[in-house]
Amino acid sequence: MTGNVVVDAPPVGAGPPAVARLASLPGVGTASGVAERAQQARTTGEVLPVLAELEDALPWSGLRRGSTVSVRGSTSLLLALLAEATARGAWAAVVGVPDLGVVAASELGVEVARLALVPHPGAELAAVTAALLDGVDLVVLGGGLGRGLGGGTAGRLSRRARHRGTVLLAAGSWPGADVELRCETSDWRGVESGYGFLRERATVVHTTGRGAAARPVRTRLLLPGPSGRVERTPEEHVGVHAAWTAEEVG
Amino acid sequence: MTGPPVRLLVLWCPDWPVVAAAAAAGIAPHVPAAVFSTNRVVARSAVARRSGVRRDMRRREAQSRCPELAVLGVDPDRDARLFEPVAAAVEELIVGVEVVRPGVVAVPVSGASGYFGGEDRLAELLLDHVPAKAGVECQIGVADGLFAALLAAHRSVRVDAGAGAEFLAPLGIGELNQPGSDRTDLVDLLRRLGLRTLGAFAALSERDVTTRFGVVGLVAHRLARGLSDRPPNRRRPPPELSLVERFDDPLDRIDAAAFVARSLAERFHAVLAGSGLACTRLGIEATTANGEELARVWRCAEPLTAPGIADRVRWQFDGWLRAADGIRPTAGVVELRLVPEETVAGRSLQLGLWRGGTGVDGSLDPAGEEQVLAAERAGRALVRVQGLLGPDGVVTAVLAGGRGPAERVRLIPWGDVRPDADEQPWPGRLPAPSPATVYQRRIPVDVRDVSGLAVRLDERNLLTGAPHLASVDGSHPRRVLDWAGPWQVVRRWWARDDGGPFAHMQVLLAAVDEQRVDMAFLLLGRLGDEHNPPQWTIEGKYD
């Protein structure tokens, strides 16, 4: 352990002033500072927890209360984001997704007893979403609804989420989202010309966003893995790309 | 337990659980039916009884004796709900109706028989009135005390005043074991002791019975002697509990309604609490200035508190006044009625002192407290949405038994009691993962093999060819990169009118004009018959 301390300690002389100078700039934080803040945010409930496998894909290592997250390309990823929070007692509501696979949600770890569904909000979409943002911890809006609402209403809902400390998750694109996750399927494994069954899917999750999430991140995940839940891609599957992926993730 | 028993008239609807269940399921009276609980018959219709179906019989045995037997589930809520019209019909003639249990009503006979001119005349009137009003058959018995009157009703007899003991004496000891009384062990013991009639049991001295059989034996002994075990609790008709408020200025603004709702709710709740009641189903009815009648019933899993009532009234107004054009009432509300549709004893409103939940060691758990608060907050928001969309607008899902991903989900309106999830293994179920999108609409898919022929299921549930191209809902065909299955779906093979058998198949489709994996679907295939063409539809999408 003493070896670590020596490595972490900044070189005497030039080190501390340089770091201090950088850290004093607005918007720039030291890595240890960011990690500390993230840890503090999680313990104070400012950030809703996500599955450990998804922490790398999200700034703040979780879903910060009041933020708007847009998830494109995968319903499973959307459901997986709800898993840890609902399992730990948070409430989630899904608006405008009549085709939601509740069995899949349960398999990914979502506590379905704390998952309310509003399949057909109809013309009351904005009013329903606003009411849910007041009381539920995570509100999911169905695909394509963000466009249908118009920029003004979408912005108003985002502001309401920020004010009430609710996480607004939009399936599909959302104007002005704080974090944007895009899921790409690279391969499905398990089926072979009539034999076997779909078992695991290799995906790449691209994270972009604003503010603290401005740096794009790519995360390789099995969604789902052989266990039926989200798993990290084992090293041998990453193969030649391992080096640069790790570098990019940081 | 003192005083002479009240003379009672008992109106008994034979086999009520079956009658109610058959009415709810729309089964005709001539079809033999039985209600089962944990695979045992608890009640059966007269037709089923003639076929030899007995109480406590196993389902398989009952069905072997009576193959056309309709099997119905036990549901006390349903029995009680459907019995309400019967109780109301009796109430139209006589006051002070006590519902002993669904299927049995008791009324004190003294006043009414004087008014209608004799007990026989009263019984005749009821036998005319109740079947006409409520559409159910019933039998009537009159005797001293509930127990004797109930047995008299089973035999459709009138027992003279003071002759209760003589009426009971020759009856079998098994009659003591009425539904809900739980005297099975006692009856069994008495029978083994050689006491086979109520008269033989009644002949024992009370002192001997009490020393040997305790309080249970004492109550049974009193019943056997024709004494009352307790005075009946009158079921009072509750109209005075509903609250009517008229407004001089029509209410057409939500803030005004919210203000009114708060004071109304306080008064309504106080009236209920004064009667020792709390409301679990609240009817909100309104009349507008143009004479339109609006009504909605709110059902709640928990008894309503005053703020809960106020919230619901406010949200209901919100829902009415903000409805779309054409549905919205044309004028303001001038009269509002709050009706307790269903009440429970008020003590169930008592919350635990430390309701936040305690840890294993009994210490306070702040996280539990926080979760309770979060649940309350979420509950309020969801009920608010129900005000906008109606009670069915917000649902929660319960996982139940079934094979396909859609069959395994039951949606329960928010606020209704959630049944326990049924996580038993189920034969023929597809292994995880399940599709994250399960389509409500069946989307047709055209699957072709290499030579361009349509891929079908054959009689042995095999594919006629290896899938090569698939076109979803008439779109541009995509390459099928791989597939798994087909797996036969064994369901409803005894009623084969839907073109089955069916089979599931998983396919991996490429992006348009590419070789890259793009989408994975769960397809449901149909063999087809003369009425239904063979077809593949998308059941779910693994996205």
# chains A, B, ... in the order shown; residues from 1 in each chain; ligands from 1
>>> closest_atom_pairs(of="chain A", to="chain B", cutoff="8 Å", atoms="only C-alpha atoms", output="tab-separated table")
residue	atom	partner	partner_atom	distance
A:Gly73	CA	B:Asp543	CA	7.2
A:Ser74	CA	B:Asp543	CA	4.9
A:Thr75	CA	B:Asp543	CA	5.6
A:Ser76	CA	B:Ala436	CA	5.7
A:Gly89	CA	B:Gln371	CA	5.8
A:Ala90	CA	B:Ala374	CA	7.0
A:Trp91	CA	B:Ala378	CA	6.7
A:Pro98	CA	B:Gln440	CA	7.2
A:Asp99	CA	B:Val438	CA	4.9
A:Leu100	CA	B:Thr437	CA	5.0
A:Gly101	CA	B:Ala436	CA	4.5
A:Val102	CA	B:Val409	CA	6.8
A:Val103	CA	B:Pro405	CA	6.3
A:Ala104	CA	B:Ser434	CA	4.9
A:Ala105	CA	B:Ala436	CA	7.0
A:Glu107	CA	B:Pro433	CA	7.1
A:Val112	CA	B:Ala397	CA	6.5
A:Ala113	CA	B:Thr396	CA	6.8
A:Arg114	CA	B:Thr396	CA	7.9
A:Leu115	CA	B:Thr396	CA	6.4
A:Ala116	CA	B:Thr396	CA	4.9
A:Leu117	CA	B:Val395	CA	5.2
A:Val118	CA	B:Val394	CA	4.8
A:Pro119	CA	B:Gly393	CA	7.3
A:His120	CA	B:Gly393	CA	7.0
A:Pro121	CA	B:Leu389	CA	7.1
A:Glu124	CA	B:Leu388	CA	7.3
A:Val128	CA	B:Val385	CA	5.7
A:Ala131	CA	B:Ala381	CA	5.8
A:Leu132	CA	B:Ala381	CA	5.4
A:Asp134	CA	B:Ala381	CA	6.6
A:Gly135	CA	B:Ala378	CA	4.6
A:Val136	CA	B:Ala378	CA	4.8
A:Asp137	CA	B:Ala378	CA	7.9
A:Thr185	CA	B:Asp518	CA	6.6
A:Ser186	CA	B:Val517	CA	6.6
A:Asp187	CA	B:Val517	CA	6.0
A:Trp188	CA	B:Val517	CA	7.4
A:Val191	CA	B:Ala484	CA	5.4
A:Glu192	CA	B:Asp482	CA	6.1
A:Ser193	CA	B:Trp483	CA	5.4
A:Gly194	CA	B:Ala484	CA	3.8
A:Tyr195	CA	B:Ala484	CA	5.1
A:Gly196	CA	B:Ala484	CA	6.0
A:Phe197	CA	B:Ala484	CA	5.6
A:Leu198	CA	B:Gln506	CA	7.3
A:Arg199	CA	B:Pro433	CA	6.7
A:Pro224	CA	B:Pro433	CA	7.0
A:Gly228	CA	B:Pro433	CA	5.6
>>> residues_around(residues="Pro17 in chain B", least_positions_apart="5", cutoff="9 Å", atoms="only C-alpha atoms", output="mmCIF file with C-alpha atoms, in the first residue's frame")
data_model
loop_
_atom_site.group_PDB
_atom_site.id
_atom_site.type_symbol
_atom_site.label_atom_id
_atom_site.label_comp_id
_atom_site.auth_asym_id
_atom_site.auth_seq_id
_atom_site.Cartn_x
_atom_site.Cartn_y
_atom_site.Cartn_z
ATOM 1 C CA ALA B 22 -71.837 -17.855 -12.434
ATOM 2 C CA ALA B 34 -68.891 -25.258 -8.701
ATOM 3 C CA VAL B 35 -66.605 -22.883 -6.854
ATOM 4 C CA VAL B 42 -66.478 -25.176 -1.563
ATOM 5 C CA ALA B 43 -69.893 -24.644 -3.177
ATOM 6 C CA ARG B 44 -71.758 -26.164 -6.103
ATOM 7 C CA VAL B 74 -63.435 -18.360 -4.989
ATOM 8 C CA ASP B 75 -63.709 -14.577 -4.540
ATOM 9 C CA PRO B 76 -65.365 -13.229 -1.369
ATOM 10 C CA ARG B 78 -67.307 -10.666 -5.760
ATOM 11 C CA ASP B 79 -69.802 -12.565 -3.604
ATOM 12 C CA PRO B 102 -72.875 -12.940 1.436
ATOM 13 C CA GLY B 103 -75.912 -15.092 0.694
#
>>> atom_distance(atom1="CA of Glu200 in chain A", atom2="CA of Leu223 in chain A")
6.7 Å
>>> atom_distance(atom1="CA of His269 in chain B", atom2="CA of Trp315 in chain B")
17.4 Å
>>> residues_around(residues="Gly172 in chain B", least_positions_apart="2", cutoff="7 Å", atoms="only C-alpha atoms", output="PDB file with N, CA, C and O atoms, in the first residue's frame")
ATOM      1  N   PRO B 170     -83.833 -32.753  16.848  1.00  0.00           N
ATOM      2  CA  PRO B 170     -83.557 -33.935  16.003  1.00  0.00           C
ATOM      3  C   PRO B 170     -82.504 -33.702  14.923  1.00  0.00           C
ATOM      4  O   PRO B 170     -82.148 -34.655  14.209  1.00  0.00           O
ATOM      5  N   GLY B 174     -73.726 -32.103  12.996  1.00  0.00           N
ATOM      6  CA  GLY B 174     -72.926 -31.436  11.956  1.00  0.00           C
ATOM      7  C   GLY B 174     -73.447 -30.061  11.604  1.00  0.00           C
ATOM      8  O   GLY B 174     -72.712 -29.237  11.054  1.00  0.00           O
ATOM      9  N   GLU B 175     -74.713 -29.759  11.930  1.00  0.00           N
ATOM     10  CA  GLU B 175     -75.268 -28.448  11.611  1.00  0.00           C
ATOM     11  C   GLU B 175     -74.570 -27.326  12.371  1.00  0.00           C
ATOM     12  O   GLU B 175     -74.641 -26.160  11.991  1.00  0.00           O
ATOM     13  N   ARG B 196     -74.825 -37.434  18.497  1.00  0.00           N
ATOM     14  CA  ARG B 196     -75.066 -37.311  17.066  1.00  0.00           C
ATOM     15  C   ARG B 196     -76.135 -36.314  16.706  1.00  0.00           C
ATOM     16  O   ARG B 196     -76.281 -35.977  15.542  1.00  0.00           O
ATOM     17  N   THR B 197     -76.908 -35.857  17.669  1.00  0.00           N
ATOM     18  CA  THR B 197     -77.910 -34.833  17.360  1.00  0.00           C
ATOM     19  C   THR B 197     -77.696 -33.616  18.254  1.00  0.00           C
ATOM     20  O   THR B 197     -77.045 -33.694  19.308  1.00  0.00           O
ATOM     21  N   LEU B 198     -78.254 -32.499  17.831  1.00  0.00           N
ATOM     22  CA  LEU B 198     -78.160 -31.284  18.629  1.00  0.00           C
ATOM     23  C   LEU B 198     -78.879 -31.490  19.961  1.00  0.00           C
ATOM     24  O   LEU B 198     -78.451 -30.971  20.996  1.00  0.00           O
TER      25      LEU B 198
END
>>> residues_around(residues="Ala83 in chain A", least_positions_apart="5", cutoff="8 Å", atoms="only C-alpha atoms", output="PyMOL selection string")
chain A and resi 50-51+105+108-111
